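> Sharing data.cif here; it has mmCIF, C-alpha atoms.
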data_my_file
#
loop_
_atom_site.group_PDB
_atom_site.id
_atom_site.type_symbol
_atom_site.label_atom_id
_atom_site.label_comp_id
_atom_site.auth_asym_id
_atom_site.auth_seq_id
_atom_site.Cartn_x
_atom_site.Cartn_y
_atom_site.Cartn_z
ATOM 1 C CA MET W 17 58.132 -16.083 43.862
ATOM 2 C CA ALA W 18 56.353 -13.197 45.602
ATOM 3 C CA VAL W 19 54.551 -13.432 48.899
ATOM 4 C CA GLY W 20 51.051 -11.996 49.056
ATOM 5 C CA TRP W 21 49.483 -10.208 52.017
ATOM 6 C CA GLY W 22 48.121 -13.583 53.086
ATOM 7 C CA LEU W 23 50.383 -16.110 54.770
ATOM 8 C CA SER W 24 50.582 -18.447 51.768
ATOM 9 C CA PRO W 25 52.958 -17.847 48.845
ATOM 10 C CA ARG W 26 51.744 -16.546 45.495
ATOM 11 C CA LEU W 27 53.481 -16.970 42.137
ATOM 12 C CA LEU W 28 54.080 -13.884 40.056
ATOM 13 C CA GLY W 29 56.475 -13.460 37.151
ATOM 14 C CA LEU W 30 59.177 -10.805 36.920
ATOM 15 C CA VAL W 31 57.388 -9.047 34.079
ATOM 16 C CA GLY W 32 54.176 -8.970 36.116
ATOM 17 C CA MET W 33 55.972 -7.464 39.121
ATOM 18 C CA THR W 34 57.632 -4.852 36.905
ATOM 19 C CA MET W 35 54.273 -3.829 35.412
ATOM 20 C CA LEU W 36 52.749 -3.527 38.882
ATOM 21 C CA VAL W 37 55.603 -1.283 40.009
ATOM 22 C CA LEU W 38 55.206 0.912 36.933
ATOM 23 C CA LEU W 39 51.432 1.077 37.434
ATOM 24 C CA ARG W 40 51.886 1.988 41.097
ATOM 25 C CA LEU W 41 54.397 4.725 40.276
ATOM 26 C CA THR W 42 52.217 6.128 37.501
ATOM 27 C CA VAL W 43 49.069 6.333 39.630
ATOM 28 C CA GLY W 44 51.078 7.626 42.586
ATOM 29 C CA TRP W 45 52.678 10.381 40.504
ATOM 30 C CA HIS W 46 49.279 11.362 39.120
ATOM 31 C CA PHE W 47 47.775 11.750 42.604
ATOM 32 C CA TYR W 48 50.831 13.547 43.955
ATOM 33 C CA THR W 49 50.995 16.115 41.141
ATOM 34 C CA GLU W 50 47.230 16.697 41.288
ATOM 35 C CA GLY W 51 47.482 17.356 45.018
ATOM 36 C CA ILE W 52 50.430 19.733 44.630
ATOM 37 C CA GLU W 53 48.637 21.630 41.868
ATOM 38 C CA LYS W 54 45.477 22.017 43.976
ATOM 39 C CA TYR W 55 47.487 23.101 47.013
ATOM 40 C CA SER W 56 49.633 25.577 45.048
ATOM 41 C CA SER W 57 46.664 27.245 43.361
ATOM 42 C CA GLY W 58 45.316 28.297 46.759
ATOM 43 C CA ASN W 59 41.771 28.639 45.421
ATOM 44 C CA TRP W 60 40.941 25.183 44.118
ATOM 45 C CA THR W 61 37.367 24.141 44.735
ATOM 46 C CA ALA W 62 35.197 21.171 43.849
ATOM 47 C CA THR W 63 32.128 23.415 43.687
ATOM 48 C CA PRO W 64 31.713 23.534 39.859
ATOM 49 C CA PHE W 65 32.086 19.763 39.620
ATOM 50 C CA PHE W 66 29.534 19.002 42.338
ATOM 51 C CA ALA W 67 27.147 21.730 41.210
ATOM 52 C CA ASN W 68 26.948 20.160 37.740
ATOM 53 C CA ALA W 69 26.507 16.608 38.992
ATOM 54 C CA LYS W 70 23.975 14.463 37.154
ATOM 55 C CA GLY W 71 22.378 11.056 37.439
ATOM 56 C CA PRO W 72 20.716 9.258 40.355
ATOM 57 C CA PHE W 73 23.184 10.648 42.909
ATOM 58 C CA ALA W 74 23.107 14.251 41.651
ATOM 59 C CA GLU W 75 21.079 15.586 44.565
ATOM 60 C CA HIS W 76 23.567 14.167 47.062
ATOM 61 C CA TYR W 77 26.546 15.736 45.306
ATOM 62 C CA ARG W 78 24.859 19.099 44.861
ATOM 63 C CA GLY W 79 24.145 19.054 48.576
ATOM 64 C CA LEU W 80 27.916 18.977 49.155
ATOM 65 C CA VAL W 81 28.286 22.442 47.612
ATOM 66 C CA TRP W 82 28.655 25.072 50.306
ATOM 67 C CA ASP W 83 25.409 26.990 50.804
ATOM 68 C CA ASN W 84 24.015 25.446 47.627
ATOM 69 C CA GLU W 85 20.587 27.043 47.994
ATOM 70 C CA GLY W 86 21.738 30.324 49.546
ATOM 71 C CA LYS W 87 20.226 29.673 52.965
ATOM 72 C CA ILE W 88 23.218 31.418 54.544
ATOM 73 C CA ARG W 89 24.127 34.078 51.988
ATOM 74 C CA LEU W 90 20.548 35.239 51.401
ATOM 75 C CA ASP W 91 19.746 35.460 55.113
ATOM 76 C CA ARG W 92 20.789 38.986 56.135
ATOM 77 C CA GLU W 93 20.501 38.275 59.854
ATOM 78 C CA ARG W 94 22.701 35.182 59.543
ATOM 79 C CA VAL W 95 25.293 37.060 57.468
ATOM 80 C CA ASP W 96 25.294 39.908 59.987
ATOM 81 C CA GLN W 97 25.957 37.451 62.845
ATOM 82 C CA GLU W 98 28.704 35.635 60.934
ATOM 83 C CA TRP W 99 30.509 38.846 60.022
ATOM 84 C CA LYS W 100 30.379 40.146 63.593
ATOM 85 C CA TYR W 101 31.663 36.794 64.828
ATOM 86 C CA GLN W 102 34.507 36.834 62.324
ATOM 87 C CA TRP W 103 35.448 40.359 63.366
ATOM 88 C CA ALA W 104 35.545 39.222 67.001
ATOM 89 C CA LEU W 105 37.710 36.197 66.135
ATOM 90 C CA VAL W 106 40.254 38.212 64.165
ATOM 91 C CA SER W 107 40.345 40.951 66.797
ATOM 92 C CA ASP W 108 40.897 38.454 69.599
ATOM 93 C CA HIS W 109 43.513 36.539 67.605
ATOM 94 C CA TYR W 110 45.686 39.545 66.769
ATOM 95 C CA LYS W 111 44.842 41.530 69.924
ATOM 96 C CA PHE W 112 43.474 44.576 68.102
ATOM 97 C CA ASP W 113 43.659 47.899 69.910
ATOM 98 C CA GLY W 114 40.921 50.520 69.869
ATOM 99 C CA LYS W 115 42.017 52.090 66.594
ATOM 100 C CA GLN W 116 42.186 48.735 64.842
ATOM 101 C CA ASN W 117 38.726 47.757 66.095
ATOM 102 C CA ARG W 118 37.349 51.015 64.679
ATOM 103 C CA GLN W 119 38.910 50.097 61.344
ATOM 104 C CA ALA W 120 37.317 46.663 61.612
ATOM 105 C CA GLN W 121 33.980 48.276 62.380
ATOM 106 C CA ASP W 122 34.282 50.446 59.258
ATOM 107 C CA ALA W 123 35.052 47.331 57.174
ATOM 108 C CA TYR W 124 32.025 45.577 58.682
ATOM 109 C CA LYS W 125 29.668 48.495 57.968
ATOM 110 C CA SER W 126 30.982 48.841 54.424
ATOM 111 C CA ALA W 127 30.523 45.117 53.740
ATOM 112 C CA LEU W 128 26.979 45.168 55.128
ATOM 113 C CA GLN W 129 26.147 48.187 52.972
ATOM 114 C CA GLN W 130 27.478 46.378 49.897
ATOM 115 C CA TYR W 131 25.406 43.352 50.868
ATOM 116 C CA ASP W 132 22.219 45.432 50.953
ATOM 117 C CA TRP W 133 23.058 46.945 47.551
ATOM 118 C CA ALA W 134 23.590 43.454 46.091
ATOM 119 C CA ILE W 135 20.252 42.205 47.431
ATOM 120 C CA GLU W 136 18.452 45.277 46.099
ATOM 121 C CA GLU W 137 20.131 45.028 42.695
ATOM 122 C CA HIS W 138 19.118 41.385 42.272
ATOM 123 C CA ALA W 139 15.711 41.682 43.931
ATOM 124 C CA ASN W 140 13.683 40.576 40.899
ATOM 125 C CA ASP W 141 15.917 37.591 40.176
ATOM 126 C CA LEU W 142 15.839 36.529 43.812
ATOM 127 C CA GLU W 143 12.044 36.657 43.828
ATOM 128 C CA GLU W 144 11.961 34.339 40.799
ATOM 129 C CA TYR W 145 14.582 32.179 42.466
ATOM 130 C CA GLU W 146 12.404 31.635 45.532
ATOM 131 C CA LEU W 147 9.421 30.785 43.349
ATOM 132 C CA GLY W 148 11.609 28.410 41.349
ATOM 133 C CA LYS W 149 12.630 26.595 44.523
ATOM 134 C CA GLU W 150 8.998 25.865 45.313
ATOM 135 C CA ARG W 151 8.366 24.644 41.772
ATOM 136 C CA GLN W 152 11.440 22.437 41.864
ATOM 137 C CA ALA W 153 10.415 20.934 45.195
ATOM 138 C CA LYS W 154 6.996 20.001 43.772
ATOM 139 C CA MET W 155 8.574 18.351 40.732
ATOM 140 C CA ASP W 156 11.026 16.422 42.923
ATOM 141 C CA ARG W 157 8.070 14.939 44.788
ATOM 142 C CA ASP W 158 6.377 13.915 41.525
ATOM 143 C CA PRO W 159 7.215 10.222 40.858
ATOM 144 C CA VAL W 160 6.045 10.508 37.235
ATOM 145 C CA ARG W 161 8.571 13.197 36.352
ATOM 146 C CA SER W 162 11.323 11.278 38.104
ATOM 147 C CA GLY W 163 10.570 8.071 36.223
ATOM 148 C CA VAL W 164 10.111 9.434 32.687
ATOM 149 C CA SER W 165 13.401 10.433 31.062
ATOM 150 C CA SER W 166 11.928 13.278 28.978
ATOM 151 C CA LEU W 167 10.219 14.804 32.012
ATOM 152 C CA SER W 168 13.350 14.265 34.068
ATOM 153 C CA GLY W 169 15.293 16.243 31.465
ATOM 154 C CA GLN W 170 12.699 19.009 31.663
ATOM 155 C CA ARG W 171 13.133 19.112 35.414
ATOM 156 C CA GLU W 172 16.906 19.453 34.972
ATOM 157 C CA THR W 173 16.426 22.371 32.569
ATOM 158 C CA ILE W 174 14.123 24.121 35.025
ATOM 159 C CA ARG W 175 16.604 23.519 37.838
ATOM 160 C CA LYS W 176 19.406 25.182 35.869
ATOM 161 C CA GLU W 177 17.196 28.162 35.059
ATOM 162 C CA TRP W 178 16.262 28.406 38.740
ATOM 163 C CA ASN W 179 19.896 28.305 39.833
ATOM 164 C CA SER W 180 20.880 30.985 37.337
ATOM 165 C CA LYS W 181 18.383 33.393 38.908
ATOM 166 C CA GLY W 182 20.005 33.181 42.328
ATOM 167 C CA ALA W 183 23.597 32.689 41.191
ATOM 168 C CA GLY W 184 24.280 36.372 40.450
ATOM 169 C CA ALA W 185 23.356 37.595 43.913
ATOM 170 C CA MET W 186 25.005 34.691 45.736
ATOM 171 C CA ASP W 187 28.257 35.042 43.782
ATOM 172 C CA GLU W 188 28.372 38.768 44.472
ATOM 173 C CA ILE W 189 27.691 38.241 48.188
ATOM 174 C CA GLU W 190 30.438 35.625 48.332
ATOM 175 C CA LYS W 191 32.893 38.125 46.807
ATOM 176 C CA ILE W 192 31.833 40.743 49.352
ATOM 177 C CA TRP W 193 32.386 38.166 52.110
ATOM 178 C CA LYS W 194 35.897 37.353 50.852
ATOM 179 C CA ASN W 195 36.793 41.045 50.540
ATOM 180 C CA TYR W 196 35.498 41.656 54.054
ATOM 181 C CA SER W 197 37.678 38.835 55.406
ATOM 182 C CA SER W 198 40.699 40.231 53.575
ATOM 183 C CA SER W 199 39.990 43.717 54.957
ATOM 184 C CA LEU W 200 39.914 42.410 58.519
ATOM 185 C CA LEU W 201 43.186 40.512 58.091
ATOM 186 C CA ALA W 202 44.863 43.534 56.473
ATOM 187 C CA ILE W 203 44.350 45.546 59.666
ATOM 188 C CA ALA W 204 46.866 43.422 61.583
ATOM 189 C CA THR W 205 50.364 44.916 61.737
ATOM 190 C CA PRO W 206 53.474 42.979 60.645
ATOM 191 C CA GLU W 207 54.443 42.702 64.306
ATOM 192 C CA GLN W 208 51.075 41.171 65.218
ATOM 193 C CA ILE W 209 51.303 38.738 62.329
ATOM 194 C CA ALA W 210 54.830 37.753 63.374
ATOM 195 C CA THR W 211 53.779 37.284 67.005
ATOM 196 C CA HIS W 212 50.664 35.228 66.318
ATOM 197 C CA ARG W 213 50.125 32.464 63.804
ATOM 198 C CA VAL W 214 48.396 33.461 60.584
ATOM 199 C CA PHE W 215 44.642 33.537 60.999
ATOM 200 C CA LYS W 216 42.761 31.557 58.373
ATOM 201 C CA PRO W 217 39.095 32.541 58.157
ATOM 202 C CA THR W 218 36.612 29.722 57.590
ATOM 203 C CA LEU W 219 33.081 29.680 56.256
ATOM 204 C CA PRO W 220 30.170 28.477 58.422
ATOM 205 C CA ARG W 221 29.177 24.991 57.351
ATOM 206 C CA SER W 222 25.935 24.628 55.472
ATOM 207 C CA ALA W 223 26.007 20.845 56.023
ATOM 208 C CA ARG W 224 27.981 18.353 58.087
ATOM 209 C CA ILE W 225 30.339 17.909 55.133
ATOM 210 C CA ASP W 226 30.410 20.481 52.341
ATOM 211 C CA THR W 227 32.951 22.043 49.995
ATOM 212 C CA SER W 228 34.217 24.361 52.732
ATOM 213 C CA VAL W 229 35.672 21.170 54.282
ATOM 214 C CA ILE W 230 36.237 19.091 51.148
ATOM 215 C CA ASP W 231 38.249 21.814 49.378
ATOM 216 C CA ALA W 232 40.677 21.942 52.288
ATOM 217 C CA MET W 233 41.037 18.160 52.586
ATOM 218 C CA VAL W 234 41.338 16.952 48.980
ATOM 219 C CA PRO W 235 44.779 18.461 48.180
ATOM 220 C CA TYR W 236 46.300 16.787 51.257
ATOM 221 C CA PHE W 237 44.464 13.549 50.495
ATOM 222 C CA ASP W 238 45.864 13.496 46.956
ATOM 223 C CA ILE W 239 49.395 14.233 48.158
ATOM 224 C CA ALA W 240 49.248 11.577 50.904
ATOM 225 C CA VAL W 241 47.894 8.890 48.571
ATOM 226 C CA GLY W 242 50.451 9.832 45.931
ATOM 227 C CA LEU W 243 53.387 9.579 48.324
ATOM 228 C CA CYS W 244 52.195 6.237 49.752
ATOM 229 C CA LEU W 245 51.946 4.766 46.267
ATOM 230 C CA LEU W 246 55.253 6.237 45.103
ATOM 231 C CA PHE W 247 57.094 4.796 48.100
ATOM 232 C CA GLY W 248 55.024 1.614 48.210
ATOM 233 C CA LEU W 249 53.978 2.217 51.810
ATOM 234 C CA PHE W 250 50.602 0.956 53.104
ATOM 235 C CA THR W 251 49.772 0.376 49.450
ATOM 236 C CA PRO W 252 46.511 -1.590 49.933
ATOM 237 C CA VAL W 253 45.055 1.114 52.197
ATOM 238 C CA ALA W 254 46.179 3.979 49.968
ATOM 239 C CA ALA W 255 45.020 2.231 46.796
ATOM 240 C CA LEU W 256 41.592 1.408 48.250
ATOM 241 C CA ALA W 257 41.183 5.015 49.414
ATOM 242 C CA ALA W 258 42.132 6.230 45.934
ATOM 243 C CA ALA W 259 39.721 3.768 44.308
ATOM 244 C CA GLY W 260 36.875 4.942 46.534
ATOM 245 C CA PHE W 261 37.633 8.581 45.767
ATOM 246 C CA LEU W 262 37.747 7.956 42.007
ATOM 247 C CA ALA W 263 34.565 5.878 42.137
ATOM 248 C CA SER W 264 32.756 8.780 43.827
ATOM 249 C CA VAL W 265 33.923 11.078 41.018
ATOM 250 C CA PHE W 266 32.613 8.596 38.445
ATOM 251 C CA LEU W 267 29.220 8.326 40.162
ATOM 252 C CA SER W 268 28.834 12.115 40.312
ATOM 253 C CA GLN W 269 28.595 12.201 36.516
ATOM 254 C CA TYR W 270 26.627 9.015 35.893
ATOM 255 C CA PRO W 271 26.008 7.859 33.259
ATOM 256 C CA PRO W 272 29.244 9.257 31.831
ATOM 257 C CA THR W 273 29.447 10.754 28.356
ATOM 258 C CA SER W 274 32.272 10.476 25.867
ATOM 259 C CA GLY W 275 34.746 13.289 25.277
ATOM 260 C CA PRO W 276 37.321 15.223 27.351
ATOM 261 C CA GLY W 277 34.936 15.614 30.289
ATOM 262 C CA SER W 278 34.126 11.926 30.523
ATOM 263 C CA THR W 279 34.547 10.221 33.895
ATOM 264 C CA TYR W 280 35.449 6.895 32.274
ATOM 265 C CA TYR W 281 39.046 7.898 32.941
ATOM 266 C CA GLN W 282 38.391 7.977 36.680
ATOM 267 C CA LEU W 283 36.673 4.585 36.481
ATOM 268 C CA ILE W 284 39.654 3.041 34.678
ATOM 269 C CA GLU W 285 42.091 4.469 37.225
ATOM 270 C CA ALA W 286 39.868 3.234 40.068
ATOM 271 C CA MET W 287 40.086 -0.278 38.625
ATOM 272 C CA ALA W 288 43.885 0.088 38.439
ATOM 273 C CA CYS W 289 43.920 1.077 42.118
ATOM 274 C CA LEU W 290 41.937 -2.041 42.993
ATOM 275 C CA VAL W 291 44.569 -4.116 41.194
ATOM 276 C CA LEU W 292 47.299 -2.415 43.243
ATOM 277 C CA ALA W 293 45.378 -3.055 46.463
ATOM 278 C CA GLY W 294 44.578 -6.673 45.622
ATOM 279 C CA THR W 295 48.154 -7.584 44.715
ATOM 280 C CA GLY W 296 49.853 -5.677 47.521
ATOM 281 C CA ALA W 297 51.964 -3.964 44.850
ATOM 282 C CA GLY W 298 54.009 -2.076 47.430
ATOM 283 C CA ARG W 299 55.916 -5.285 48.175
ATOM 284 C CA PHE W 300 57.766 -4.907 44.865
ATOM 285 C CA ALA W 301 60.391 -2.127 44.991
ATOM 286 C CA GLY W 302 58.468 -0.542 47.859
ATOM 287 C CA LEU W 303 58.596 -0.111 51.615
ATOM 288 C CA ASP W 304 55.787 -2.626 52.085
ATOM 289 C CA TYR W 305 58.386 -5.320 51.376
ATOM 290 C CA PHE W 306 60.012 -4.638 54.754
ATOM 291 C CA LEU W 307 56.643 -4.206 56.465
ATOM 292 C CA HIS W 308 55.550 -7.580 55.142
ATOM 293 C CA LEU W 309 58.727 -9.225 56.430
ATOM 294 C CA ILE W 310 57.865 -7.971 59.902
ATOM 295 C CA VAL W 311 54.271 -9.218 59.588
ATOM 296 C CA ARG W 312 55.416 -12.683 58.495
ATOM 297 C CA LYS W 313 58.000 -12.841 61.262
ATOM 298 C CA PHE W 314 55.464 -12.247 64.017
ATOM 299 C CA CYS W 315 52.281 -13.639 62.429
ATOM 300 C CA GLY W 316 53.450 -16.196 59.888
ATOM 301 C CA PRO W 317 53.695 -20.004 60.166
ATOM 302 C CA GLU W 318 57.195 -19.788 61.583
ATOM 303 C CA ALA W 319 56.008 -17.584 64.443
ATOM 304 C CA ALA W 320 53.080 -19.933 65.118
ATOM 305 C CA GLU W 321 55.397 -22.971 65.311
ATOM 306 C CA ALA W 322 57.718 -21.158 67.712
#
What does the file become when written as structure tokens?

Amino acid sequence: MAVGWGLSPRLLGLVGMTMLVLLRLTVGWHFYTEGIEKYSSGNWTATPFFANAKGPFAEHYRGLVWDNEGKIRLDRERVDQEWKYQWALVSDHYKFDGKQNRQAQDAYKSALQQYDWAIEEHANDLEEYELGKERQAKMDRDPVRSGVSSLSGQRETIRKEWNSKGAGAMDEIEKIWKNYSSSLLAIATPEQIATHRVFKPTLPRSARIDTSVIDAMVPYFDIAVGLCLLFGLFTPVAALAAAGFLASVFLSQYPPTSGPGSTYYQLIEAMACLVLAGTGAGRFAGLDYFLHLIVRKFCGPEAAEA
């Protein structure tokens, strides 16, 4: 006999409990290893996945990509302000002296010069990109194209062509930005780095939540969910969080296609997580067993009678 999260007993066979434990450990290990891999790589990003989203929720997911339309990267005045601000932050953090600030100024001027070269080099593509944005906006407002599958496919093709025109310049500017950040950090001496905590530059948000935030959170989320499931601690909460996360992945590629890139796998694992949450699987060979004893002691029928 196994006691559910409710206050009434539930019957569950030994084989059933064993399978739940194995399922919990399997899903937990999957999340934990995925999180460790993302964290160890140091450059994991959800950008390609969100950028290639499809289906009725595609626009929402594409909007999660940092600076998806280049409103930051293609705005020279905004980039200039952000780079000056970053220089000031790094200088203040490491307490740069006059010589170091001159080095930072040289790095800033060099980065801005490279930015101008990149814009000039991709000028024709960027002009087509801006025209493509207007065309895409008109098609998005057209209910006929949205409702007819063939026209919807045409719109998707045009969108990809439009993105490809701006991608070259935006990718190059992003590389210049990263190199500029690295140049600023390289100015700090070993003594300054030892005295102050390591400065981690961040990108300005292009939305309330975008990949600049998501990329930093997901590895820790995966690790936390994995550990909770492995140890059977707060299993319903962890399993529901995992199910929600996997469901969002499934919806980003809806309807899913068959093959290695199919999101049916995420849907199946999400269903498994719901089973773990609904059965309170952490009570079997997990720390939730002891947590549940405490809950029953203070909230169960015996406590009510006392």
> Run through the PyMOL selection byres ((chain W and resi 299-301) around 8) on the given coordinates and return the selected residues as a list in words.
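This file gives the following for the PyMOL selection byres ((chain W and resi 299-301) around 8): Met33, Thr34, Leu36, Val37, Gly248, Gly296, Ala297, Gly298, Gly302, Leu303, Asp304, Tyr305, Phe306 and His308 of chain W.
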> Which residues match the PyMOL selection byres ((chain W and resi 292) around 12) in the file above, as a ChimeraX atom specification?
/W:20-21,32-33,35-44,244-246,248-259,285-291,293-300
> Taking all atoms of stretch 119-131 of chain W that the file lists and extending 6 Å past them on each side, where is the centre of the axis-aligned box and how long are its edges? Answer in Å to one decimal, as lines of an AutoDock Vina configuration file.

center_x = 32.2
center_y = 46.9
center_z = 56.1
size_x = 25.5
size_y = 19.1
size_z = 24.5
> Looking at only C-alpha atoms, which of W:Leu283, W:Val241, W:Ile189, W:Ala232 is the one that sits closest to W:Tyr55?
W:Ala232
> Point out the residue among W:Ile192, W:Leu201, W:Leu219, W:Leu142 with the least atom-to-atom distance to W:Gln129, counting only C-alpha atoms.
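The answer is W:Ile192, which sits nearest to W:Gln129.
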> In Å, how far is it from atom CA of W:Gln269 to atom CA of W:Gly71?
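If I compute the distance from atom CA of W:Gln269 to atom CA of W:Gly71, I get 6.4 Å.
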> What is the atom CA of W:His138-atom CA of W:Ala185 distance in Å, reported with one decimal?
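Spanning atom CA of W:His138 to atom CA of W:Ala185 is a straight-line distance of 5.9 Å.
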> Starting from the PyMOL selection byres ((chain W and resi 205) around 12), expand the selection into actual residues of this file and give them as a list in words.
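Output from the PyMOL selection byres ((chain W and resi 205) around 12), applied to this file: Ser107, Tyr110, Lys111, Phe112, Asp113, Gln116, Leu200, Leu201, Ala202, Ile203, Ala204, Pro206, Glu207, Gln208, Ile209, Ala210, Thr211, His212 and Val214 of chain W.
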> Tell me, as a list in words, which residues lie within 12 Å of W:Ile135, counting only C-alpha atoms; anything in the same chain fewer than 2 positions away does not count.
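Using only C-alpha atoms, the neighbours found are Arg89, Leu90, Asp91, Arg92, Leu128, Gln129, Gln130, Tyr131, Asp132, Trp133, Glu137, His138, Ala139, Asn140, Asp141, Leu142, Glu143, Gly182, Ala183, Gly184, Ala185, Met186, Asp187, Glu188, Ile189 and Ile192 of chain W.
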> For the residues selected in the previous step, produce a file with C-alpha atoms as a compact mmCIF listing (two decimals), keeping the file's coordinate frame.

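Produced file out.txt, reproduced below:
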# COMPACT_ATOMS: atom_id res chain seq x y z
CA ARG W 89 24.13 34.08 51.99
CA LEU W 90 20.55 35.24 51.40
CA ASP W 91 19.75 35.46 55.11
CA ARG W 92 20.79 38.99 56.14
CA LEU W 128 26.98 45.17 55.13
CA GLN W 129 26.15 48.19 52.97
CA GLN W 130 27.48 46.38 49.90
CA TYR W 131 25.41 43.35 50.87
CA ASP W 132 22.22 45.43 50.95
CA TRP W 133 23.06 46.94 47.55
CA GLU W 137 20.13 45.03 42.70
CA HIS W 138 19.12 41.38 42.27
CA ALA W 139 15.71 41.68 43.93
CA ASN W 140 13.68 40.58 40.90
CA ASP W 141 15.92 37.59 40.18
CA LEU W 142 15.84 36.53 43.81
CA GLU W 143 12.04 36.66 43.83
CA GLY W 182 20.00 33.18 42.33
CA ALA W 183 23.60 32.69 41.19
CA GLY W 184 24.28 36.37 40.45
CA ALA W 185 23.36 37.60 43.91
CA MET W 186 25.00 34.69 45.74
CA ASP W 187 28.26 35.04 43.78
CA GLU W 188 28.37 38.77 44.47
CA ILE W 189 27.69 38.24 48.19
CA ILE W 192 31.83 40.74 49.35
> Could you tell me how far atom CA of W:Val81 sits from atom CA of W:Asp226, in Å to one decimal place?
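The value is 5.5 Å.
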> Could you tell me which of W:Phe73, W:Trp193, W:Tyr280, W:Phe314 comes closest to W:Ala134 if we count all atoms listed in the file?
W:Trp193
> Show me, as a PyMOL selection string, the residues that have an atom within 9 Å of W:Thr49 when counting all atoms listed in the file, minus same-chain residues fewer than 5 positions from it.
chain W and resi 44+54+238-239+242
> May I ask which of the residues W:Phe47, W:Thr279, W:Phe266, W:Arg224 is the closest one to W:Asp83, counting all atoms listed in the file?
W:Arg224
> Using only C-alpha atoms, which residue out of W:Asp108, W:Glu146, W:Glu136, W:Asp231 lies closest to W:Thr218?
W:Asp231
> Since the input lacks some atoms of stretch 48-53 of chain W, please model all heavy atoms and print them as a CSV table (one decimal), in the coordinates of the input.

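Resulting contents of result09.csv:
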chain,number,residue,atom,x,y,z
W,48,TYR,N,49.9,12.6,43.3
W,48,TYR,CA,50.8,13.5,44.0
W,48,TYR,C,50.8,14.9,43.2
W,48,TYR,O,50.7,15.9,43.8
W,48,TYR,CB,52.2,13.0,44.0
W,48,TYR,CG,53.3,13.9,44.6
W,48,TYR,CD1,53.3,14.2,46.0
W,48,TYR,CD2,54.2,14.6,43.8
W,48,TYR,CE1,54.2,15.1,46.5
W,48,TYR,CE2,55.1,15.5,44.3
W,48,TYR,CZ,55.1,15.7,45.6
W,48,TYR,OH,56.0,16.6,46.2
W,49,THR,N,51.0,14.9,41.9
W,49,THR,CA,51.0,16.1,41.1
W,49,THR,C,49.6,16.8,41.2
W,49,THR,O,49.6,18.1,41.2
W,49,THR,CB,51.4,15.9,39.7
W,49,THR,OG1,50.5,14.9,39.1
W,49,THR,CG2,52.8,15.4,39.6
W,50,GLU,N,48.6,16.1,41.2
W,50,GLU,CA,47.2,16.7,41.3
W,50,GLU,C,47.1,17.4,42.6
W,50,GLU,O,46.6,18.5,42.7
W,50,GLU,CB,46.1,15.6,41.2
W,50,GLU,CG,45.9,15.2,39.7
W,50,GLU,CD,45.1,16.2,38.9
W,50,GLU,OE1,44.3,17.0,39.5
W,50,GLU,OE2,45.4,16.2,37.7
W,51,GLY,N,47.6,16.7,43.7
W,51,GLY,CA,47.5,17.4,45.0
W,51,GLY,C,48.3,18.6,45.1
W,51,GLY,O,47.9,19.6,45.7
W,52,ILE,N,49.5,18.6,44.6
W,52,ILE,CA,50.4,19.7,44.6
W,52,ILE,C,49.8,20.9,43.8
W,52,ILE,O,49.9,22.1,44.3
W,52,ILE,CB,51.8,19.4,44.1
W,52,ILE,CG1,52.6,18.4,45.0
W,52,ILE,CG2,52.7,20.6,43.8
W,52,ILE,CD1,52.9,19.0,46.4
W,53,GLU,N,49.3,20.6,42.7
W,53,GLU,CA,48.6,21.6,41.9
W,53,GLU,C,47.5,22.3,42.6
W,53,GLU,O,47.3,23.5,42.6
W,53,GLU,CB,48.2,21.0,40.5
W,53,GLU,CG,47.6,22.1,39.6
W,53,GLU,CD,47.2,21.5,38.2
W,53,GLU,OE1,47.6,20.3,38.0
W,53,GLU,OE2,46.5,22.1,37.5
